[in-house]
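Each remark here refers to the structure printed beneath this line.
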Amino acid sequence: MGTVHAKSLDPLPMHGRELGVHPDDMVDTPEPEQEAKQEILENKDVVVQHVNIQGLGRTKEDLLGYEISDVFHAKNLIDVMKKAHIARQRLLRLGIFKEVESVLKWVLCKDALPNGLDVTFEVTEIKRLTGSYNTMVGNNEGSMVLGLKLPNMFGRAEKLTFQFSYGTKETSYGLSFFKPQPGHFERNLTLNMYKVTGQFPWSSLKETDRGVSAELNFPLGITNHTLKWEGVWRELGCLARSASFAVREESGHSLKSALSHTLSIDSRNSAIFPSRGALLRINQELAGYTGGDASFLKEDFELQLNRRLFWDSVFSASFWGGLLYPIGGQPSCIADRFYLGGPTSVRGFGMYSIGPQSEGDYLGGEAYWAGGLHLYTPLPFRPGKGGFGDLFRTHFFLNAGNLCNLNYGDGPRAHLQKLAECIRWSYGAGIVLRLGNIARLELNYCVPMGVQSGDRICDGVQFGAGIRFL
């Protein structure tokens, strides 16, 4: 029984008994005849009679049937190889196999059709218990992450994960259970239990959250949606004895129960260094209607457009905005408000140091907007082109934004006027470094403008690290 390993989409080599050609006969075969036979082979009508999976242990076969069913619809040999390659990628994305290889065989049994094919996937399952150690980069902070995973717990790509993270500003540990819908991996349910302790020096605040959440993810057309419920017990305290009275007033315990929905459309070719495409993300959060003592409606959005220009340069424009509306006459909590400023948003200002403040502690705001224009170009003279040098970009930027509290008794015109007052803005240039597809680093020379009383600025060189930049 002849076999063909379908690891790639390259044309099949012309050899083997299954093609009716002896290897020795090929020596004197004219080149045009070889090409003609190869073309006939590629367009040969075939029927996939059987698809087998070898190497299964605890994985249920019904789960894999959804992932490989398209192979049966292939019409010719090249189509079989393409669909087998796609099926292999779908099997790997389940996160339950260490290796997947596909093999094509001509059927030689009694019930074989003249053009019948068998496709076999040879898989190697991941161990029942795996561990990991890695580092993560957040918005201007780093952390060490230790994790234990139980992949494929019940045989249908479920995953139980315990994770401990120790960072420069945040320490957390949590337990999560992940369950995808068979045949639709993008539709999945995640249950979480966690404890997070964070320090926020710009507000002289420390916060400890203990909570549970349930999250449902699903695509709908070109959009992706996330529905989430979260119940969290929050403990706020002062980070320093010098904390302002406004921060001390916020100290204590509170319970938040919130429903949220996120819609996103992302056509970018990269989340870290996009050169084309757009991103739209809209998030709504409603707290108080499912219990707890925090009651508010919170809306925020993010828009980003990217376009490639001449000489491998990229123009990027982004815009953020948000609004927090307290419900029931209660004032908003410092932990729920928006914050603005720093190397990942309005550059040239200190971390989250724009907007309302008291005795040097920044209290956040209930409304904000921020926009940015960027030009990314290759390094001058293109050092390291095609290699390490492609990880770097020259960066020119113009940022602007504002953060404030609104009087909701006023009309929309008064709100827009308030947001248009006291605009902070900055411009500058620098170097950007991409760290794989994980994060990016920026080193910019910034010139802050529109500085208001109480703002903390960074006039000159500013360093930033993170995954989400304005």
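Chain lettering (A, B, ...) mirrors the order of the structure tokens, residue numbering begins at 1 for each chain separately, and ligand numbering begins at 1 in order of display.
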
Quick check for you: according to DSSP on this backbone, which residues of region 99-348 of chain A are classed as strand (DSSP E or B)? Reply as a PyMOL selection string. chain A and resi 99-106+116-125+130-137+142-151+159-167+170-181+184-200+205-220+223-238+252-266+277-292+296-308+314-326+338

List as a PyMOL selection string the protein and nucleic acid residues near Cys404 (chain A), meaning an atom at most 9 Å away when only C-alpha atoms are counted, but skip any in the same chain fewer than 4 places from it. chain A and resi 354-356+364-368+418-419

Can you write out the residues you just picked, keeping C-alpha atoms, as a PDB file, in the first residue's frame?
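Output saved as part37.pdb:
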```pdb
ATOM      1  CA  ILE A 354      -3.870  63.447  34.133  1.00  0.00           C
ATOM      2  CA  GLY A 355      -7.137  64.675  35.572  1.00  0.00           C
ATOM      3  CA  PRO A 356      -8.694  65.085  39.035  1.00  0.00           C
ATOM      4  CA  GLY A 364      -9.417  59.086  38.061  1.00  0.00           C
ATOM      5  CA  GLY A 365     -12.376  60.475  36.136  1.00  0.00           C
ATOM      6  CA  GLU A 366     -15.799  59.484  34.872  1.00  0.00           C
ATOM      7  CA  ALA A 367     -15.246  60.573  31.260  1.00  0.00           C
ATOM      8  CA  TYR A 368     -12.241  60.664  28.973  1.00  0.00           C
ATOM      9  CA  LYS A 418     -16.039  70.133  29.439  1.00  0.00           C
ATOM     10  CA  LEU A 419     -14.175  67.401  27.540  1.00  0.00           C
TER      11      LEU A 419
END
```

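Using only C-alpha atoms, the protein and nucleic acid residues lying no more than 7 Å from Arg347 (chain A), apart from those fewer than 3 places from it along its own chain, are A:Gly341, A:Gly342, A:Pro343, A:Thr344, A:Asn399, A:Ser426, A:Cys446.
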
Which residues of region 347-430 of chain A have any atom within 9 Å of an atom in region 302-313 of chain A when counting only C-alpha atoms, and what is the closest pair of atoms for each, with the distance in Å to one decimal? Order the rows by chain and rising number and write it as a Markdown table.
```
| residue | atom | partner | partner_atom | distance |
| --- | --- | --- | --- | --- |
| A:Leu375 | CA | A:Ser313 | CA | 7.1 |
| A:Tyr376 | CA | A:Ser313 | CA | 5.5 |
| A:Thr377 | CA | A:Ser313 | CA | 4.3 |
| A:Pro378 | CA | A:Ser313 | CA | 6.7 |
```

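Residue-level DSSP output for region 164-277 of chain A, from the backbone, shows helix (DSSP H, G or I) at Pro201, Trp202, Ser203, Phe245, Ala246, Val247, Arg248, Glu249 and Glu250 of chain A.
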
Write out as a list in words each polymer residue whose atoms come within 12 Å of Phe381 (chain A), counting only C-alpha atoms; drop sequence neighbours fewer than 5 positions from it.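 Final neighbour list, sorted by chain and number: Trp311, Gly389, Arg393 and Thr394 of chain A.
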
Just the residues within 9 Å of region 138-145 of chain A, please, counting only C-alpha atoms, with nothing from its chain fewer than 6 positions along; format it as a list in words. Ser132, Gln163, Phe164, Ser165, Tyr166, Gly167, Thr168, Lys169, Glu170, Thr171, Gly342, Pro343, Thr344, Met351, Ala439, Phe463, Gly464, Ala465, Gly466, Ile467, Arg468 and Phe469 of chain A

Atoms to include: N, CA, C and O atoms. Write the selected residues as a compact mmCIF listing (two decimals), in the first residue's frame.
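Contents of part_23.txt, as written:
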```txt
# COMPACT_ATOMS: atom_id res chain seq x y z
N SER A 132 4.44 25.31 33.35
CA SER A 132 5.02 26.35 32.52
C SER A 132 5.60 27.44 33.41
O SER A 132 5.16 27.65 34.55
N GLN A 163 -2.71 29.24 37.98
CA GLN A 163 -1.67 30.18 37.60
C GLN A 163 -1.33 31.12 38.75
O GLN A 163 -2.23 31.64 39.41
N PHE A 164 -0.04 31.28 38.98
CA PHE A 164 0.45 32.23 39.98
C PHE A 164 1.31 33.25 39.28
O PHE A 164 2.19 32.91 38.48
N SER A 165 1.05 34.53 39.55
CA SER A 165 1.78 35.62 38.90
C SER A 165 2.31 36.58 39.96
O SER A 165 1.56 37.01 40.84
N TYR A 166 3.60 36.88 39.85
CA TYR A 166 4.22 37.84 40.76
C TYR A 166 4.84 38.95 39.91
O TYR A 166 5.73 38.71 39.10
N GLY A 167 4.33 40.17 40.09
CA GLY A 167 4.78 41.27 39.26
C GLY A 167 5.27 42.46 40.04
O GLY A 167 5.27 42.47 41.28
N THR A 168 5.66 43.48 39.29
CA THR A 168 6.20 44.69 39.92
C THR A 168 5.12 45.48 40.64
O THR A 168 5.40 46.17 41.61
N LYS A 169 3.87 45.39 40.18
CA LYS A 169 2.78 46.11 40.83
C LYS A 169 1.62 45.22 41.23
O LYS A 169 0.70 45.67 41.91
N GLU A 170 1.65 43.96 40.81
CA GLU A 170 0.48 43.10 41.02
C GLU A 170 0.91 41.66 41.29
O GLU A 170 1.82 41.15 40.65
N THR A 171 0.23 41.03 42.23
CA THR A 171 0.42 39.61 42.53
C THR A 171 -0.95 38.94 42.48
O THR A 171 -1.92 39.46 43.02
N GLY A 342 0.68 58.68 30.53
CA GLY A 342 1.77 57.72 30.64
C GLY A 342 2.27 57.25 29.29
O GLY A 342 1.73 57.61 28.23
N PRO A 343 3.31 56.41 29.28
CA PRO A 343 3.96 56.01 28.03
C PRO A 343 3.10 55.12 27.15
O PRO A 343 3.44 54.92 25.98
N THR A 344 1.98 54.58 27.66
CA THR A 344 1.12 53.75 26.83
C THR A 344 -0.13 54.48 26.36
O THR A 344 -0.92 53.92 25.59
N MET A 351 2.59 58.29 34.66
CA MET A 351 1.64 57.19 34.59
C MET A 351 0.34 57.57 35.28
O MET A 351 0.30 57.82 36.49
N ALA A 439 4.64 41.58 23.18
CA ALA A 439 4.59 42.96 23.66
C ALA A 439 5.54 43.80 22.84
O ALA A 439 6.22 43.31 21.91
N PHE A 463 10.28 55.80 28.85
CA PHE A 463 10.29 54.40 28.48
C PHE A 463 8.93 53.79 28.73
O PHE A 463 8.30 54.04 29.76
N GLY A 464 8.46 52.96 27.81
CA GLY A 464 7.18 52.31 27.97
C GLY A 464 7.23 50.87 27.51
O GLY A 464 7.95 50.53 26.56
N ALA A 465 6.48 49.99 28.18
CA ALA A 465 6.39 48.58 27.81
C ALA A 465 4.95 48.13 27.97
O ALA A 465 4.28 48.51 28.94
N GLY A 466 4.45 47.33 27.04
CA GLY A 466 3.07 46.88 27.17
C GLY A 466 2.58 46.21 25.90
O GLY A 466 3.34 45.94 24.96
N ILE A 467 1.28 45.94 25.89
CA ILE A 467 0.65 45.30 24.74
C ILE A 467 -0.42 46.18 24.11
O ILE A 467 -0.86 45.94 23.00
N ARG A 468 -0.85 47.20 24.85
CA ARG A 468 -1.91 48.09 24.34
C ARG A 468 -1.41 49.53 24.43
O ARG A 468 -1.19 50.06 25.52
N PHE A 469 -1.22 50.14 23.28
CA PHE A 469 -0.73 51.50 23.20
C PHE A 469 -1.73 52.36 22.44
O PHE A 469 -2.38 51.89 21.51
```
